[in-house]
>>> print(open('work03.txt').read())   # compact mmCIF, C-alpha atoms
# COMPACT_ATOMS: atom_id res chain seq x y z
CA MET A 843 -44.41 44.09 -21.42
CA SER A 844 -47.33 41.91 -20.34
CA GLY A 845 -49.63 43.95 -22.59
CA PHE A 846 -47.62 42.97 -25.66
CA PHE A 847 -46.21 39.55 -24.76
CA ASN A 848 -47.90 36.53 -23.18
CA PRO A 849 -45.43 33.91 -21.87
CA THR A 850 -48.03 31.13 -21.84
CA ILE A 851 -48.98 31.68 -25.48
CA ALA A 852 -45.29 31.95 -26.36
CA TRP A 853 -44.46 28.62 -24.71
CA ILE A 854 -47.40 26.83 -26.34
CA THR A 855 -46.50 28.33 -29.72
CA MET A 856 -42.83 27.39 -29.42
CA ARG A 857 -43.64 23.84 -28.37
CA SER A 858 -46.27 23.25 -31.05
CA THR A 859 -44.19 24.84 -33.83
CA LEU A 860 -41.04 22.88 -33.06
CA GLY A 861 -43.06 19.73 -32.38
CA ARG A 862 -44.60 19.54 -35.83
CA LYS A 863 -42.90 17.63 -38.63
CA ARG A 864 -42.80 20.99 -40.38
CA ALA A 865 -40.02 22.00 -37.99
CA PHE A 866 -37.62 19.81 -39.97
CA LEU A 867 -38.09 22.20 -42.87
CA PHE A 868 -36.70 25.08 -40.84
CA ALA A 869 -33.14 23.80 -41.10
CA ILE A 870 -33.20 22.97 -44.82
CA PRO A 871 -32.41 26.49 -46.16
CA ALA A 872 -29.62 26.87 -43.57
CA MET A 873 -28.11 23.51 -44.53
CA ILE A 874 -28.25 24.45 -48.21
CA LEU A 875 -26.52 27.77 -47.51
CA ILE A 876 -23.74 26.26 -45.40
CA LEU A 877 -23.12 23.31 -47.76
CA PHE A 878 -23.10 25.63 -50.77
CA THR A 879 -20.66 27.92 -48.96
CA VAL A 880 -18.31 25.02 -48.16
CA ALA A 881 -18.44 23.83 -51.78
CA LEU A 882 -17.58 27.29 -53.11
CA LYS A 883 -14.87 27.76 -50.50
CA VAL A 884 -13.19 24.54 -51.66
CA SER A 885 -13.69 24.94 -55.40
CA ARG A 886 -13.22 28.64 -56.12
CA PRO A 887 -9.79 30.31 -56.00
CA PRO A 888 -9.28 33.33 -53.69
CA SER A 889 -8.75 35.54 -56.74
CA ARG A 890 -12.43 35.13 -57.62
CA PRO A 891 -14.34 36.55 -54.63
CA TRP A 892 -17.95 35.42 -54.17
CA PRO A 893 -19.17 35.61 -50.52
CA SER A 894 -20.84 39.03 -50.77
CA HIS A 895 -23.02 38.01 -53.69
CA VAL A 896 -23.90 34.50 -52.51
CA LEU A 897 -24.41 35.26 -48.81
CA GLY A 898 -25.84 38.72 -49.42
CA THR A 899 -28.09 38.79 -52.48
CA PHE A 900 -28.97 35.07 -52.61
CA GLY A 901 -29.05 34.58 -48.84
CA PHE A 902 -31.19 37.64 -48.07
CA SER A 903 -33.60 37.42 -51.00
CA VAL A 904 -34.14 33.64 -51.20
CA LEU A 905 -32.92 31.44 -48.35
CA LEU A 906 -33.63 33.74 -45.40
CA PRO A 907 -37.16 34.72 -46.53
CA LEU A 908 -38.03 31.08 -47.23
CA THR A 909 -37.11 30.21 -43.65
CA ALA A 910 -39.10 33.16 -42.33
CA LEU A 911 -42.03 32.17 -44.55
CA ILE A 912 -42.21 28.63 -43.17
CA ILE A 913 -41.90 29.80 -39.57
CA GLY A 914 -43.92 33.02 -39.78
CA THR A 915 -46.90 31.31 -41.36
CA SER A 916 -46.70 28.38 -38.91
CA VAL A 917 -46.99 30.23 -35.61
CA LEU A 918 -50.46 31.63 -36.35
CA GLY A 919 -51.57 30.44 -39.77
CA ALA A 920 -51.64 26.78 -38.76
CA GLU A 921 -54.06 27.57 -35.92
CA ILE A 922 -56.29 29.51 -38.28
CA ASP A 923 -56.28 26.66 -40.80
CA ASP A 924 -57.21 23.93 -38.31
CA GLY A 925 -59.69 26.11 -36.37
CA SER A 926 -57.85 25.95 -33.05
CA ILE A 927 -57.50 29.74 -33.15
CA ILE A 928 -61.10 29.84 -31.86
CA HIS A 929 -59.96 28.55 -28.46
CA LEU A 930 -57.28 31.24 -28.27
CA LEU A 931 -59.64 34.02 -29.30
CA ALA A 932 -62.10 32.87 -26.63
CA THR A 933 -59.57 33.70 -23.90
CA PRO A 934 -59.44 37.20 -22.38
CA VAL A 935 -56.24 38.05 -24.23
CA ARG A 936 -56.06 41.09 -26.48
CA ARG A 937 -55.66 40.47 -30.20
CA SER A 938 -52.59 42.71 -30.26
CA THR A 939 -50.97 40.57 -27.57
CA ILE A 940 -51.63 37.41 -29.59
CA VAL A 941 -50.10 38.92 -32.73
CA MET A 942 -47.06 40.35 -30.93
CA THR A 943 -46.38 37.12 -29.04
CA LYS A 944 -46.61 35.01 -32.18
CA PHE A 945 -44.42 37.52 -34.02
CA ILE A 946 -41.73 37.49 -31.33
CA VAL A 947 -41.62 33.69 -31.26
CA ALA A 948 -41.38 33.52 -35.05
CA THR A 949 -38.64 36.15 -35.09
CA VAL A 950 -36.54 34.35 -32.48
CA LEU A 951 -36.86 31.03 -34.33
CA THR A 952 -35.91 32.67 -37.63
CA MET A 953 -32.85 34.22 -36.02
CA VAL A 954 -31.80 30.79 -34.77
CA PHE A 955 -32.47 28.94 -38.04
CA ALA A 956 -31.44 31.67 -40.51
CA ALA A 957 -29.44 34.59 -39.05
CA ILE A 958 -27.00 32.41 -37.10
CA PRO A 959 -26.39 30.09 -40.10
CA GLU A 960 -25.77 33.23 -42.17
CA LEU A 961 -23.05 34.20 -39.71
CA VAL A 962 -21.61 30.67 -39.74
CA ALA A 963 -21.54 30.64 -43.55
CA ALA A 964 -19.83 34.06 -43.61
CA LEU A 965 -17.17 32.86 -41.20
CA ILE A 966 -16.63 29.70 -43.27
CA ALA A 967 -16.31 31.80 -46.42
CA GLY A 968 -13.65 33.90 -44.78
CA GLY A 969 -15.44 37.15 -45.59
CA GLY A 970 -14.65 39.70 -48.22
CA GLY A 971 -16.57 39.92 -51.45
CA SER A 972 -13.69 42.20 -52.39
CA PRO A 973 -10.10 41.15 -51.68
CA PRO A 974 -9.61 41.25 -47.91
CA VAL A 975 -7.38 43.79 -46.26
CA VAL A 976 -4.75 41.84 -44.37
CA ALA A 977 -2.71 43.31 -41.55
CA SER A 978 0.30 41.67 -39.99
CA GLY A 979 0.04 41.01 -36.29
CA GLY A 980 3.61 39.81 -35.95
CA PRO A 981 5.73 37.04 -37.45
CA GLY A 982 3.51 34.36 -38.93
CA SER A 983 0.23 35.97 -37.79
CA PHE A 984 -2.27 37.82 -39.94
CA VAL A 985 -5.65 39.36 -39.24
CA THR A 986 -8.31 39.50 -41.96
CA ILE A 987 -10.10 42.81 -41.54
CA ASN A 988 -12.73 42.84 -44.27
CA GLY A 989 -13.75 39.26 -43.52
CA GLY A 990 -14.79 40.08 -39.97
CA LYS A 991 -16.64 43.20 -41.06
CA LEU A 992 -18.54 41.31 -43.74
CA ALA A 993 -19.52 38.54 -41.33
CA LEU A 994 -20.73 41.08 -38.77
CA GLY A 995 -22.61 43.07 -41.39
CA LEU A 996 -24.34 40.00 -42.81
CA PHE A 997 -25.31 38.85 -39.32
CA VAL A 998 -26.82 42.20 -38.32
CA GLY A 999 -28.57 42.48 -41.68
CA ALA A 1000 -29.98 38.96 -41.28
CA LEU A 1001 -31.25 39.83 -37.79
CA ALA A 1002 -33.04 42.86 -39.24
CA CYS A 1003 -34.53 40.78 -42.06
CA SER A 1004 -35.72 38.20 -39.52
CA VAL A 1005 -37.75 40.89 -37.78
CA ILE A 1006 -39.21 42.49 -40.91
CA TYR A 1007 -39.93 39.31 -42.87
CA ASN A 1008 -41.79 37.76 -39.94
CA ALA A 1009 -43.96 40.83 -39.48
CA VAL A 1010 -44.93 40.54 -43.16
CA PHE A 1011 -45.56 36.78 -43.08
CA VAL A 1012 -47.53 36.84 -39.81
CA MET A 1013 -49.74 39.47 -41.44
CA VAL A 1014 -50.11 37.35 -44.59
CA SER A 1015 -51.06 34.30 -42.51
CA VAL A 1016 -53.92 36.26 -40.94
CA ALA A 1017 -55.00 37.81 -44.25
CA THR A 1018 -55.33 34.59 -46.27
CA THR A 1019 -55.61 30.84 -45.83
CA ARG A 1020 -53.16 30.44 -48.70
CA ALA A 1021 -50.30 32.15 -46.90
CA ILE A 1022 -47.60 29.75 -48.14
CA ALA A 1023 -48.58 30.23 -51.79
CA VAL A 1024 -48.85 34.01 -51.45
CA GLY A 1025 -45.58 34.15 -49.56
CA LEU A 1026 -43.76 32.06 -52.18
CA LEU A 1027 -44.97 34.34 -54.95
CA TYR A 1028 -43.81 37.36 -52.98
CA VAL A 1029 -40.36 35.87 -52.30
CA LEU A 1030 -39.69 34.54 -55.79
CA ILE A 1031 -41.20 37.37 -57.84
CA TRP A 1032 -40.65 40.47 -55.71
CA GLU A 1033 -37.62 39.78 -53.53
CA ALA A 1034 -35.61 37.45 -55.78
CA LEU A 1035 -36.48 38.96 -59.16
CA LEU A 1036 -37.93 42.46 -59.31
CA SER A 1037 -36.03 44.04 -56.42
CA ASN A 1038 -32.69 42.90 -57.91
CA PHE A 1039 -33.40 44.13 -61.42
CA VAL A 1040 -35.77 47.10 -60.95
CA SER A 1041 -34.17 49.83 -58.87
CA GLY A 1042 -37.47 51.44 -57.86
CA ALA A 1043 -38.70 48.19 -56.29
CA ARG A 1044 -35.87 48.23 -53.75
CA LEU A 1045 -37.63 50.85 -51.64
CA LEU A 1046 -40.20 48.19 -50.75
CA SER A 1047 -37.80 45.24 -50.60
CA VAL A 1048 -37.02 43.63 -47.25
CA SER A 1049 -33.88 41.99 -48.65
CA HIS A 1050 -32.49 45.39 -49.61
CA TYR A 1051 -33.29 46.77 -46.16
CA GLY A 1052 -31.09 43.98 -44.80
CA LEU A 1053 -28.38 44.55 -47.41
CA GLY A 1054 -28.38 48.28 -46.70
CA ILE A 1055 -27.91 47.65 -42.98
CA ALA A 1056 -25.23 45.01 -43.67
CA ASP A 1057 -23.34 47.39 -45.93
CA GLY A 1058 -23.28 49.95 -43.13
CA PHE A 1059 -20.95 47.55 -41.27
CA ALA A 1060 -19.12 45.86 -44.14
CA HIS A 1061 -18.72 48.82 -46.53
CA ASP A 1062 -18.54 46.30 -49.36
CA PRO A 1063 -19.76 47.44 -52.81
CA SER A 1064 -20.08 43.77 -53.83
CA LEU A 1065 -23.14 43.50 -51.58
CA ALA A 1066 -25.00 45.62 -54.17
CA ALA A 1067 -27.07 47.29 -51.45
CA GLY A 1068 -29.69 49.39 -53.20
CA LEU A 1069 -30.50 51.55 -50.17
CA ALA A 1070 -28.52 53.61 -47.67
CA VAL A 1071 -28.51 52.68 -43.99
CA PRO A 1072 -30.93 55.44 -42.80
CA THR A 1073 -33.43 54.57 -45.54
CA SER A 1074 -33.15 50.86 -44.77
CA VAL A 1075 -33.73 51.37 -41.04
CA ILE A 1076 -36.64 53.78 -41.47
CA MET A 1077 -38.40 51.77 -44.16
CA GLY A 1078 -37.81 48.53 -42.26
CA ALA A 1079 -39.41 50.02 -39.16
CA VAL A 1080 -42.35 51.39 -41.14
CA VAL A 1081 -43.02 48.06 -42.87
CA THR A 1082 -42.75 46.13 -39.59
CA VAL A 1083 -45.13 48.40 -37.68
CA ALA A 1084 -47.59 48.60 -40.58
CA ALA A 1085 -47.65 44.81 -41.07
CA LEU A 1086 -48.20 44.12 -37.36
CA ALA A 1087 -50.90 46.78 -37.12
CA LEU A 1088 -52.69 45.29 -40.13
CA ALA A 1089 -52.35 41.76 -38.70
CA THR A 1090 -53.89 42.94 -35.41
CA ASN A 1091 -56.73 44.65 -37.23
CA LEU A 1092 -57.44 41.56 -39.35
CA LEU A 1093 -57.36 39.26 -36.34
CA SER A 1094 -59.72 41.60 -34.51
CA SER A 1095 -62.24 41.10 -37.31
CA PHE A 1096 -62.47 37.38 -36.50
CA THR A 1097 -65.71 36.64 -34.67
CA LEU A 1098 -66.72 33.64 -32.61
CA LYS A 1099 -70.04 31.93 -33.08
CA GLY A 1100 -72.58 33.66 -30.92
CA GLU A 1101 -70.70 36.96 -30.99
CA PRO A 1102 -72.12 39.93 -32.88
CA ALA A 1103 -70.33 40.43 -36.18
>>> encode(input="work03.txt", output="structure tokens")
Amino acid sequence: MSGFFNPTIAWITMRSTLGRKRAFLFAIPAMILILFTVALKVSRPPSRPWPSHVLGTFGFSVLLPLTALIIGTSVLGAEIDDGSIIHLLATPVRRSTIVMTKFIVATVLTMVFAAIPELVAALIAGGGGSPPVVASGGPGSFVTINGGKLALGLFVGALACSVIYNAVFVMVSVATTRAIAVGLLYVLIWEALLSNFVSGARLLSVSHYGLGIADGFAHDPSLAAGLAVPTSVIMGAVVTVAALALATNLLSSFTLKGEPA
């Protein structure tokens, strides 16, 4: 584990990331999701189900990736922008360890600020994009079955998206100094637009990997998952490994003054 994760770098990264004013932005997408969920819960009648579409499609393709974008580009991209990465690269720590440690920190923070709020919103919504199956547990007691399955599915799918999105955004932050701009274009054009209207684009869509995994638990056609569970898991793993490998390779190309290029 020590070859892939450095506790000292992790602690410094966590402290600096949460200590910046930028950390206040982490909670904004989650607050929007929860407030929007409460508003819909109050205003829309039970006969017009909505949680699967709002918490699935909108949550996975817009709000969750925006959170991952802010966090994923902060843990490493900020150091590259201000030049402090030079001090880290001067230490006898492997580039792969730096990338993996930053990635793990970003993933954990995204799970806290995005996956858990997704679960909270699903529980507030009461589940079911389709009418819930209700079973009687005795006089005056009822158990909502579909609601629990949907909440669990959305939570597991959001956890998976947290991993994959952060691998992509950590890689982007190493590849360009305009990571936020590139990431926004990717989220808004590819994830929010093309992947939801062009079926072929779903094979390379992180949001649909998450929806496919979520649907494996919820079995809810309203989630509009474009991929099956095996495809989602395999492609998610491939994208994650490829992005981290590319990020490591790009970081390895950084040279310090006085080093041979």
>>> closest_residue(input="work03.txt", among="A:Leu867, A:Ile966, A:Leu882, A:Ala872", to="Val896 of chain A", atoms="only C-alpha atoms")
A:Leu882
>>> atom_distance(input="work03.txt", atom1="atom CA of Leu1093 of chain A", atom2="atom CA of Val1016 of chain A")
6.5 Å
>>> residues_around(input="work03.txt", residues="segment 1041-1046 of chain A", least_positions_apart="6", cutoff="10 Å", atoms="all atoms listed in the file", output="list in words")
Trp1032, Glu1033, Leu1035, Ala1067, Gly1068, Leu1069, Thr1073, Ser1074, Met1077, Gly1078 and Val1081 of chain A
>>> residues_around(input="work03.txt", residues="segment 948-963 of chain A", least_positions_apart="3", cutoff="7 Å", atoms="all atoms listed in the file", output="PDB file with C-alpha atoms, keeping the file's coordinate frame")
ATOM      1  CA  PHE A 868     -36.700  25.080 -40.840  1.00  0.00           C
ATOM      2  CA  ALA A 869     -33.140  23.800 -41.100  1.00  0.00           C
ATOM      3  CA  ALA A 872     -29.620  26.870 -43.570  1.00  0.00           C
ATOM      4  CA  LEU A 875     -26.520  27.770 -47.510  1.00  0.00           C
ATOM      5  CA  ILE A 876     -23.740  26.260 -45.400  1.00  0.00           C
ATOM      6  CA  THR A 879     -20.660  27.920 -48.960  1.00  0.00           C
ATOM      7  CA  LEU A 906     -33.630  33.740 -45.400  1.00  0.00           C
ATOM      8  CA  THR A 909     -37.110  30.210 -43.650  1.00  0.00           C
ATOM      9  CA  ALA A 910     -39.100  33.160 -42.330  1.00  0.00           C
ATOM     10  CA  ILE A 913     -41.900  29.800 -39.570  1.00  0.00           C
ATOM     11  CA  GLY A 914     -43.920  33.020 -39.780  1.00  0.00           C
ATOM     12  CA  VAL A 917     -46.990  30.230 -35.610  1.00  0.00           C
ATOM     13  CA  LYS A 944     -46.610  35.010 -32.180  1.00  0.00           C
ATOM     14  CA  PHE A 945     -44.420  37.520 -34.020  1.00  0.00           C
ATOM     15  CA  ILE A 966     -16.630  29.700 -43.270  1.00  0.00           C
ATOM     16  CA  ALA A 967     -16.310  31.800 -46.420  1.00  0.00           C
ATOM     17  CA  ALA A 993     -19.520  38.540 -41.330  1.00  0.00           C
ATOM     18  CA  LEU A 996     -24.340  40.000 -42.810  1.00  0.00           C
ATOM     19  CA  PHE A 997     -25.310  38.850 -39.320  1.00  0.00           C
ATOM     20  CA  ALA A1000     -29.980  38.960 -41.280  1.00  0.00           C
ATOM     21  CA  LEU A1001     -31.250  39.830 -37.790  1.00  0.00           C
ATOM     22  CA  SER A1004     -35.720  38.200 -39.520  1.00  0.00           C
ATOM     23  CA  VAL A1005     -37.750  40.890 -37.780  1.00  0.00           C
ATOM     24  CA  ASN A1008     -41.790  37.760 -39.940  1.00  0.00           C
TER      25      ASN A1008
END
>>> closest_residue(input="work03.txt", among="A:Leu931, A:Leu918, A:Ala1066, A:Ile851", to="Phe900 of chain A", atoms="all atoms listed in the file")
A:Ala1066
>>> closest_residue(input="work03.txt", among="A:Val1014, A:Ser858, A:Ala920, A:Arg937", to="Ser1095 of chain A", atoms="only C-alpha atoms")
A:Arg937
>>> atom_distance(input="work03.txt", atom1="atom CA of Ala1060 of chain A", atom2="atom CA of Val1048 of chain A")
18.3 Å
>>> atom_distance(input="work03.txt", atom1="atom CA of Leu1065 of chain A", atom2="atom CA of Val884 of chain A")
21.4 Å
>>> closest_atom_pairs(input="work03.txt", of="segment 862-960 of chain A", to="segment 1036-1040 of chain A", cutoff="12 Å", atoms="all atoms listed in the file", output="tab-separated table")
residue	atom	partner	partner_atom	distance
A:His895	CA	A:Asn1038	CA	11.6
A:Gly898	CA	A:Asn1038	CA	11.7
A:Thr899	CA	A:Asn1038	CA	8.2
A:Phe900	CA	A:Asn1038	CA	10.2
A:Phe902	CA	A:Asn1038	CA	11.3
A:Ser903	CA	A:Asn1038	CA	8.9
A:Val904	CA	A:Asn1038	CA	11.5
>>> closest_residue(input="work03.txt", among="A:Ala1002, A:Leu992, A:Val1010, A:Met873", to="Gly1025 of chain A", atoms="all atoms listed in the file")
A:Val1010
>>> closest_residue(input="work03.txt", among="A:Ala1070, A:Ile1031, A:Leu1086, A:Val947", to="Ser916 of chain A", atoms="only C-alpha atoms")
A:Val947
>>> axis_aligned_box(input="work03.txt", around="segment 932-937 of chain A", padding_each_side="6 Å", output="JSON")
{"center_x": -58.9, "center_y": 37.0, "center_z": -26.3, "size_x": 18.4, "size_y": 20.2, "size_z": 19.8}
>>> build_atoms(input="work03.txt", residues="segment 844-859 of chain A", atoms="N, CA, C and O atoms", output="tab-separated table (two decimals), in the frame of the given file")
chain	number	residue	atom	x	y	z
A	844	SER	N	-46.26	42.90	-20.37
A	844	SER	CA	-47.33	41.91	-20.34
A	844	SER	C	-48.45	42.26	-21.30
A	844	SER	O	-49.19	41.38	-21.73
A	845	GLY	N	-48.59	43.56	-21.65
A	845	GLY	CA	-49.63	43.95	-22.59
A	845	GLY	C	-49.31	43.57	-24.02
A	845	GLY	O	-50.18	43.55	-24.86
A	846	PHE	N	-48.03	43.30	-24.30
A	846	PHE	CA	-47.62	42.97	-25.66
A	846	PHE	C	-47.14	41.53	-25.79
A	846	PHE	O	-47.08	41.01	-26.90
A	847	PHE	N	-46.80	40.89	-24.70
A	847	PHE	CA	-46.21	39.55	-24.76
A	847	PHE	C	-46.83	38.67	-23.69
A	847	PHE	O	-46.91	39.04	-22.52
A	848	ASN	N	-47.30	37.48	-24.10
A	848	ASN	CA	-47.90	36.53	-23.18
A	848	ASN	C	-47.02	35.29	-23.11
A	848	ASN	O	-46.94	34.53	-24.08
A	849	PRO	N	-46.34	35.05	-21.97
A	849	PRO	CA	-45.43	33.91	-21.87
A	849	PRO	C	-46.10	32.56	-22.10
A	849	PRO	O	-45.48	31.65	-22.68
A	850	THR	N	-47.33	32.41	-21.66
A	850	THR	CA	-48.03	31.13	-21.84
A	850	THR	C	-48.27	30.83	-23.32
A	850	THR	O	-48.01	29.73	-23.80
A	851	ILE	N	-48.76	31.84	-24.04
A	851	ILE	CA	-48.98	31.68	-25.48
A	851	ILE	C	-47.66	31.43	-26.18
A	851	ILE	O	-47.57	30.61	-27.10
A	852	ALA	N	-46.60	32.12	-25.74
A	852	ALA	CA	-45.29	31.95	-26.36
A	852	ALA	C	-44.78	30.53	-26.18
A	852	ALA	O	-44.27	29.91	-27.13
A	853	TRP	N	-44.93	29.97	-24.98
A	853	TRP	CA	-44.46	28.62	-24.71
A	853	TRP	C	-45.24	27.59	-25.52
A	853	TRP	O	-44.67	26.68	-26.11
A	854	ILE	N	-46.56	27.75	-25.56
A	854	ILE	CA	-47.40	26.83	-26.34
A	854	ILE	C	-47.04	26.91	-27.82
A	854	ILE	O	-46.95	25.89	-28.52
A	855	THR	N	-46.85	28.13	-28.31
A	855	THR	CA	-46.50	28.33	-29.72
A	855	THR	C	-45.15	27.71	-30.05
A	855	THR	O	-45.00	27.01	-31.07
A	856	MET	N	-44.16	27.94	-29.19
A	856	MET	CA	-42.83	27.39	-29.42
A	856	MET	C	-42.87	25.86	-29.43
A	856	MET	O	-42.30	25.21	-30.31
A	857	ARG	N	-43.58	25.29	-28.46
A	857	ARG	CA	-43.64	23.84	-28.37
A	857	ARG	C	-44.38	23.23	-29.55
A	857	ARG	O	-43.92	22.23	-30.13
A	858	SER	N	-45.49	23.81	-29.94
A	858	SER	CA	-46.27	23.25	-31.05
A	858	SER	C	-45.55	23.44	-32.39
A	858	SER	O	-45.60	22.57	-33.26
A	859	THR	N	-44.89	24.57	-32.57
A	859	THR	CA	-44.19	24.84	-33.83
A	859	THR	C	-43.00	23.91	-34.00
A	859	THR	O	-42.80	23.32	-35.07
